[in-house]
Amino acid sequence: MWERIYRMLVKEFIQVLRDPRMKALIFVMPVIQLIMFGYAVTTDVDHIKTAVCDLDKSPQSRALIERFTASGYFTVVDNTDRPERLGELLDRGKVIMGIQINRGFADDLKSGRPAAIQTIIDGTDSNTGTVAMDYAQRITQEFSRARAAPIELTQLAQEQADPIELRSRAWFNPDLKSRYYNVPGVIAVVVLLISLLLTAMAIVREREIGTMEQLMVTPIQPFELILGKTLPFVLISFIDVLVVTFIGINWFNVPIQGSLWLLLFGAGLYLMSTIGIGLFISTISQTQQQALMSSFFFYLPAVLLSGFMFPISNMPEPAQWLTYLNPLRYFLVIIRDIFLKGSGLETLWPQFAALAVLGTALLLISSLRFKKRMI
C-alpha cells in the first residue's frame with residue numbers, strides 16, 4: 001500500500017511542479033498577495049489632505065498648525081484667508097479636512113478664556129473621517145496642555161479639570177497598528193485560497209483529461225488514491241504557510257509572541273478542513289472551470305463570514321450561526337492570538353477542537369463521496 005501511495009505522491013509532485021506557471025501559482029502568488037494585501041488592507045490613516053484658514057495669523061495659531069503637520073497624520077495642501085474656500089475644497093474632494101482659526105485665538109489663550117478652532121471633515125469615508133477627528137482632538141488637547149505648563153495656568157487647569165481622569169493603555173498592540181492585526185488574517189486567507197484551488201483543480205483535471213479512468217483500473221485502492229492526491233497539496237500548503245509567515249514577520253515586522261510549532265499545528269488542522277472542502281468540490285465538478293467557480297463560490301462567503309473584515313458580533317444572528325461552519329473563523333483567532341498575544345493551547349483549545357471536528361467531518365464526507373464517484 002505504501003509503495004502505491006509513494007508512487008502517487010511522486011506522480012502528483014511531478015505533475016504539479018513540471019509546469020512553470022503552476023510553480024509560480026503555488027509559491028510566488030501567495031507572496032505577491034500577502035505583500036499587496038498587507039499594504040492595502042489597513043485602517044491606519046496618515047497624510048490626510050488638509051486645508052488651513054488661519055485668520056488670526058499669530059505665533060500661537062502657527063504653532064498649532066505646526067503640531068498638525070509635524071504629527072505626520074496631516075498634510076497641509078492649501079492655505080487660504082477665505083473661510084468659504086474650505087467648503088469649495090471639500091466639495092471638490094481636494095481635501096479631507098479643513099481647519100479654521102478665527103481672529104482673537106491668541107488673545108483668548110493669553111487671557112485664559114476658552115479658545116476654539118473649527119475642523120470640517122469630509123464624512124464620505126466614515127472611517128477616515130472618524131480617525132481624522134480623533135487625531136485632531138488629540139493634537140489640540142496636547143497643545144492645550146503644553147500651553148498650560150506655567151504654574152498659574154496649571155493651577156487654573158486643575159481647578160477647571162474634570163473630576164475623572166481617563167488613562168488609556170493598549171495591550172498586545174501598543175501602537176494600535178492595524179497591520180499587526182490584518183497581516184496574520186491575510187496569511188490565513190491566502191492559505192485558504194491556495195489549498196482550496198490546488199485540491200479542487202488537480203483532481204478535476206485528472207477527470208477532464210481522462211487519466212482518472214486509467215487510475216481506476218490499476219490495483220490502487222480508493223483510499224490510497226485519495227491519500228496520494230491530497231498529501232502533496234498538504235505538504236505544498238505547509239510550505240506556503242512557512243513562506244507567508246516568514247514574509248509577515250520579516251517584511252511587515254509583525255511580531256510573533258507565541259509558539260511557531262503551535263501555529264503549524266493549528267495550520268495542519270486548518271488544512272484538513274480546506275483540503276476536505278477542495279476534495280468535495282472536485283466530486284461535484286466535471287470541468288476545471290466548474291471547480292474554479294465553485295471554489296470562489298465558497299471562498300468569498302467564507303472570507304466575509306470569518307470576522308476578517310467585519311466583526312461577527314455585528315452580523316445578524318442567522319449569519320452568526322452560519323460562521324460556526326467556517327474553518328477560517330477559528331484559524332483567524334488562532335493565528336492572531338499566537339502572533340499578538342502569545343496565547344497557548346490552554347487558551348485556544350476551543351478553536352483547535354472546533355477545527356479538528358470540522359476538518360475530520362469534511363475529510364470523511366468528501367472521501368466517502370469521492371470513493372463513491374470512483375466506484
# chains A, B, ... in the order shown; residues from 1 in each chain; ligands from 1
$ select_by_dssp --residues "range 88-324 of chain A" --states "alpha helix (DSSP H)" --output "MDAnalysis selection string"
chainID A and resid 88:92 105:111 126:147 151:160 178:209 211:216 222:250 260:284 288:304 317:322
$ closest_atom_pairs --of "range 9-54 of chain A" --to "range 225-233 of chain A" --cutoff "12 Å" --atoms "only C-alpha atoms" --output "JSON lines"
{"residue": "A:Leu9", "atom": "CA", "partner": "A:Gly228", "partner_atom": "CA", "distance": 5.2}
{"residue": "A:Val10", "atom": "CA", "partner": "A:Pro232", "partner_atom": "CA", "distance": 8.7}
{"residue": "A:Lys11", "atom": "CA", "partner": "A:Gly228", "partner_atom": "CA", "distance": 8.7}
{"residue": "A:Glu12", "atom": "CA", "partner": "A:Pro232", "partner_atom": "CA", "distance": 6.7}
{"residue": "A:Phe13", "atom": "CA", "partner": "A:Pro232", "partner_atom": "CA", "distance": 6.6}
{"residue": "A:Ile14", "atom": "CA", "partner": "A:Pro232", "partner_atom": "CA", "distance": 10.3}
{"residue": "A:Gln15", "atom": "CA", "partner": "A:Pro232", "partner_atom": "CA", "distance": 10.6}
{"residue": "A:Val16", "atom": "CA", "partner": "A:Pro232", "partner_atom": "CA", "distance": 9.1}
{"residue": "A:Leu17", "atom": "CA", "partner": "A:Pro232", "partner_atom": "CA", "distance": 10.8}
{"residue": "A:Ile26", "atom": "CA", "partner": "A:Phe233", "partner_atom": "CA", "distance": 9.9}
$ write_last_selection --atoms "C-alpha atoms" --output "mmCIF file, in the first residue's frame"
data_model
loop_
_atom_site.group_PDB
_atom_site.id
_atom_site.type_symbol
_atom_site.label_atom_id
_atom_site.label_comp_id
_atom_site.auth_asym_id
_atom_site.auth_seq_id
_atom_site.Cartn_x
_atom_site.Cartn_y
_atom_site.Cartn_z
ATOM 1 C CA LEU A 9 2.930 11.209 -4.385
ATOM 2 C CA VAL A 10 5.802 11.226 -6.865
ATOM 3 C CA LYS A 11 3.337 11.431 -9.767
ATOM 4 C CA GLU A 12 1.471 14.369 -8.204
ATOM 5 C CA PHE A 13 4.619 16.329 -7.429
ATOM 6 C CA ILE A 14 5.893 15.799 -10.980
ATOM 7 C CA GLN A 15 2.502 16.808 -12.377
ATOM 8 C CA VAL A 16 2.322 19.960 -10.264
ATOM 9 C CA LEU A 17 5.925 21.136 -10.456
ATOM 10 C CA ILE A 26 1.917 27.912 -5.776
#
$ residues_around --residues "Asn326 in chain A" --least-positions-apart "2" --cutoff "8 Å" --atoms "only C-alpha atoms" --output "PDB file with C-alpha atoms, in the first residue's frame"
ATOM      1  CA  ALA A 302     -16.021  32.243   3.857  1.00  0.00           C
ATOM      2  CA  LEU A 305     -18.300  35.410   7.370  1.00  0.00           C
ATOM      3  CA  SER A 306     -14.984  34.870   9.126  1.00  0.00           C
ATOM      4  CA  LEU A 322     -23.515  30.119   9.904  1.00  0.00           C
ATOM      5  CA  THR A 323     -19.996  31.220  10.834  1.00  0.00           C
ATOM      6  CA  TYR A 324     -19.633  28.180  13.112  1.00  0.00           C
ATOM      7  CA  LEU A 328     -11.473  30.374   8.602  1.00  0.00           C
ATOM      8  CA  ARG A 329     -13.306  31.808  11.608  1.00  0.00           C
ATOM      9  CA  TYR A 330     -11.391  29.572  14.023  1.00  0.00           C
TER      10      TYR A 330
END
$ residues_around --residues "Ser343 in chain A" --least-positions-apart "5" --cutoff "10 Å" --atoms "only C-alpha atoms" --output "PyMOL selection string"
chain A and resi 257-259+262+334-338+348
$ write_last_selection --atoms "C-alpha atoms" --output "PDB file, in the first residue's frame"
ATOM      1  CA  GLN A 257       4.744  36.317  20.505  1.00  0.00           C
ATOM      2  CA  GLY A 258       3.633  32.688  20.689  1.00  0.00           C
ATOM      3  CA  SER A 259       4.901  29.285  19.600  1.00  0.00           C
ATOM      4  CA  LEU A 262       1.621  25.603  17.857  1.00  0.00           C
ATOM      5  CA  ILE A 334      -5.607  31.100  16.430  1.00  0.00           C
ATOM      6  CA  ILE A 335      -3.140  32.927  14.175  1.00  0.00           C
ATOM      7  CA  ARG A 336      -3.906  36.402  15.544  1.00  0.00           C
ATOM      8  CA  ASP A 337      -3.712  35.307  19.167  1.00  0.00           C
ATOM      9  CA  ILE A 338      -0.447  33.433  18.620  1.00  0.00           C
ATOM     10  CA  LEU A 348      -7.037  28.383  22.210  1.00  0.00           C
TER      11      LEU A 348
END
$ residues_around --residues "range 176-183 of chain A" --least-positions-apart "2" --cutoff "10 Å" --atoms "only C-alpha atoms" --output "CSV table (one decimal) with N, CA and C atoms, in the first residue's frame"
chain,number,residue,atom,x,y,z
A,34,LEU,N,0.2,38.4,-0.3
A,34,LEU,CA,0.5,38.9,1.0
A,34,LEU,C,1.0,40.3,1.1
A,35,ILE,N,2.0,40.6,0.2
A,35,ILE,CA,2.6,41.9,0.1
A,35,ILE,C,1.5,43.0,-0.3
A,37,PHE,N,-1.9,42.7,-0.2
A,37,PHE,CA,-3.0,42.9,0.8
A,37,PHE,C,-2.4,43.4,2.1
A,38,GLY,N,-1.2,43.1,2.4
A,38,GLY,CA,-0.6,43.6,3.6
A,38,GLY,C,-0.5,45.1,3.7
A,39,TYR,N,-0.3,45.7,2.5
A,39,TYR,CA,-0.2,47.2,2.4
A,39,TYR,C,-1.6,47.8,2.2
A,40,ALA,N,-2.4,47.0,1.4
A,40,ALA,CA,-3.7,47.6,1.1
A,40,ALA,C,-4.8,47.5,2.2
A,41,VAL,N,-4.8,46.3,2.9
A,41,VAL,CA,-5.8,46.1,3.9
A,41,VAL,C,-5.3,46.7,5.2
A,42,THR,N,-5.6,48.0,5.4
A,42,THR,CA,-5.2,48.7,6.6
A,42,THR,C,-6.3,49.8,6.9
A,43,THR,N,-6.5,50.0,8.2
A,43,THR,CA,-7.4,51.1,8.6
A,43,THR,C,-6.6,52.3,9.2
A,44,ASP,N,-5.2,52.2,9.1
A,44,ASP,CA,-4.4,53.3,9.6
A,44,ASP,C,-4.6,54.5,8.6
A,45,VAL,N,-4.7,55.7,9.1
A,45,VAL,CA,-4.9,56.9,8.3
A,45,VAL,C,-3.7,57.8,8.5
A,170,ALA,N,-3.0,50.4,25.7
A,170,ALA,CA,-3.4,49.3,24.7
A,170,ALA,C,-2.4,48.2,25.0
A,171,TRP,N,-2.9,47.0,25.2
A,171,TRP,CA,-2.1,45.8,25.3
A,171,TRP,C,-2.0,45.1,24.0
A,172,PHE,N,-0.9,44.3,23.9
A,172,PHE,CA,-0.7,43.4,22.7
A,172,PHE,C,-0.3,44.1,21.4
A,173,ASN,N,-0.9,45.3,21.2
A,173,ASN,CA,-0.5,46.2,20.1
A,173,ASN,C,-0.5,47.6,20.5
A,174,PRO,N,0.6,48.0,21.3
A,174,PRO,CA,0.6,49.3,21.9
A,174,PRO,C,0.5,50.5,21.0
A,185,GLY,N,-4.3,37.8,9.4
A,185,GLY,CA,-5.5,37.4,8.8
A,185,GLY,C,-5.3,37.2,7.3
A,186,VAL,N,-4.5,38.0,6.6
A,186,VAL,CA,-4.2,37.8,5.2
A,186,VAL,C,-3.5,36.5,5.0
A,187,ILE,N,-2.6,36.1,5.9
A,187,ILE,CA,-2.0,34.8,5.8
A,187,ILE,C,-3.0,33.7,5.8
A,188,ALA,N,-4.0,33.7,6.7
A,188,ALA,CA,-5.0,32.7,6.7
A,188,ALA,C,-5.8,32.7,5.4
A,189,VAL,N,-6.1,33.8,4.9
A,189,VAL,CA,-7.0,33.9,3.7
A,189,VAL,C,-6.2,33.4,2.5
A,244,VAL,N,4.7,32.5,3.7
A,244,VAL,CA,4.0,33.7,4.0
A,244,VAL,C,4.2,34.2,5.5
A,245,THR,N,4.3,33.2,6.4
A,245,THR,CA,4.6,33.6,7.8
A,245,THR,C,6.0,34.3,7.9
A,247,ILE,N,7.5,36.0,5.5
A,247,ILE,CA,7.3,37.3,4.9
A,247,ILE,C,6.6,38.3,5.9
A,248,GLY,N,5.5,37.8,6.6
A,248,GLY,CA,4.8,38.6,7.5
A,248,GLY,C,5.7,39.1,8.7
A,249,ILE,N,6.6,38.2,9.1
A,249,ILE,CA,7.4,38.6,10.3
A,249,ILE,C,8.6,39.5,9.8
A,252,PHE,N,6.9,42.7,7.0
A,252,PHE,CA,6.0,43.7,7.7
A,252,PHE,C,6.3,43.9,9.2
A,253,ASN,N,7.3,43.1,9.7
A,253,ASN,CA,7.7,43.3,11.1
A,253,ASN,C,6.6,43.0,12.1
A,254,VAL,N,5.7,42.1,11.7
A,254,VAL,CA,4.7,41.7,12.6
A,254,VAL,C,5.3,40.8,13.7
A,255,PRO,N,5.2,41.1,15.0
A,255,PRO,CA,5.9,40.2,16.0
A,255,PRO,C,5.1,39.0,16.2
A,256,ILE,N,5.8,37.9,16.4
A,256,ILE,CA,5.1,36.6,16.8
A,256,ILE,C,5.5,36.3,18.2
A,308,PHE,N,-12.8,38.5,9.3
A,308,PHE,CA,-11.6,39.1,8.8
A,308,PHE,C,-11.9,40.6,8.5
A,309,MET,N,-13.0,40.9,7.9
A,309,MET,CA,-13.3,42.3,7.6
A,309,MET,C,-14.3,42.9,8.5
A,332,LEU,N,-8.5,32.2,12.2
A,332,LEU,CA,-8.2,33.6,12.4
A,332,LEU,C,-7.9,33.9,13.8
A,335,ILE,N,-4.3,32.3,14.7
A,335,ILE,CA,-3.1,32.9,14.2
A,335,ILE,C,-3.0,34.3,14.8
A,336,ARG,N,-4.0,35.1,15.0
A,336,ARG,CA,-3.9,36.4,15.5
A,336,ARG,C,-3.5,36.3,17.0
A,337,ASP,N,-4.1,35.4,17.8
A,337,ASP,CA,-3.7,35.3,19.2
A,337,ASP,C,-2.3,34.8,19.4
A,339,PHE,N,0.2,35.3,17.2
A,339,PHE,CA,1.1,36.4,16.7
A,339,PHE,C,1.1,37.5,17.8
A,340,LEU,N,0.0,38.0,18.2
A,340,LEU,CA,-0.1,39.2,19.0
A,340,LEU,C,-0.1,39.0,20.5
$ atom_distance --atom1 "CA of Ser294 in chain A" --atom2 "CA of Leu198 in chain A"
12.9 Å
$ residues_around --residues "Val243 in chain A" --least-positions-apart "6" --cutoff "10 Å" --atoms "only C-alpha atoms" --output "PyMOL selection string"
chain A and resi 27-28+30-31+187+237
$ write_last_selection --atoms "N, CA and C atoms" --output "PDB file, in the first residue's frame"
ATOM      1  N   PHE A  27       3.973  29.152  -5.353  1.00  0.00           N
ATOM      2  CA  PHE A  27       4.973  29.738  -4.470  1.00  0.00           C
ATOM      3  C   PHE A  27       5.127  31.252  -4.608  1.00  0.00           C
ATOM      4  N   VAL A  28       4.851  31.799  -5.780  1.00  0.00           N
ATOM      5  CA  VAL A  28       5.043  33.236  -5.986  1.00  0.00           C
ATOM      6  C   VAL A  28       3.760  34.013  -5.692  1.00  0.00           C
ATOM      7  N   PRO A  30       1.249  33.487  -3.548  1.00  0.00           N
ATOM      8  CA  PRO A  30       0.974  33.811  -2.131  1.00  0.00           C
ATOM      9  C   PRO A  30       1.806  34.965  -1.601  1.00  0.00           C
ATOM     10  N   VAL A  31       3.072  35.034  -2.022  1.00  0.00           N
ATOM     11  CA  VAL A  31       3.935  36.127  -1.567  1.00  0.00           C
ATOM     12  C   VAL A  31       3.441  37.465  -2.114  1.00  0.00           C
ATOM     13  N   ILE A 187      -2.631  36.102   5.898  1.00  0.00           N
ATOM     14  CA  ILE A 187      -1.956  34.807   5.787  1.00  0.00           C
ATOM     15  C   ILE A 187      -2.982  33.679   5.758  1.00  0.00           C
ATOM     16  N   SER A 237       0.971  23.207   0.830  1.00  0.00           N
ATOM     17  CA  SER A 237       0.298  24.248   1.613  1.00  0.00           C
ATOM     18  C   SER A 237       1.087  24.587   2.872  1.00  0.00           C
TER      19      SER A 237
END
$ closest_residue --among "A:Lys23, A:Lys341, A:Lys57, A:Lys94" --to "Asp107 in chain A" --atoms "only C-alpha atoms"
A:Lys57
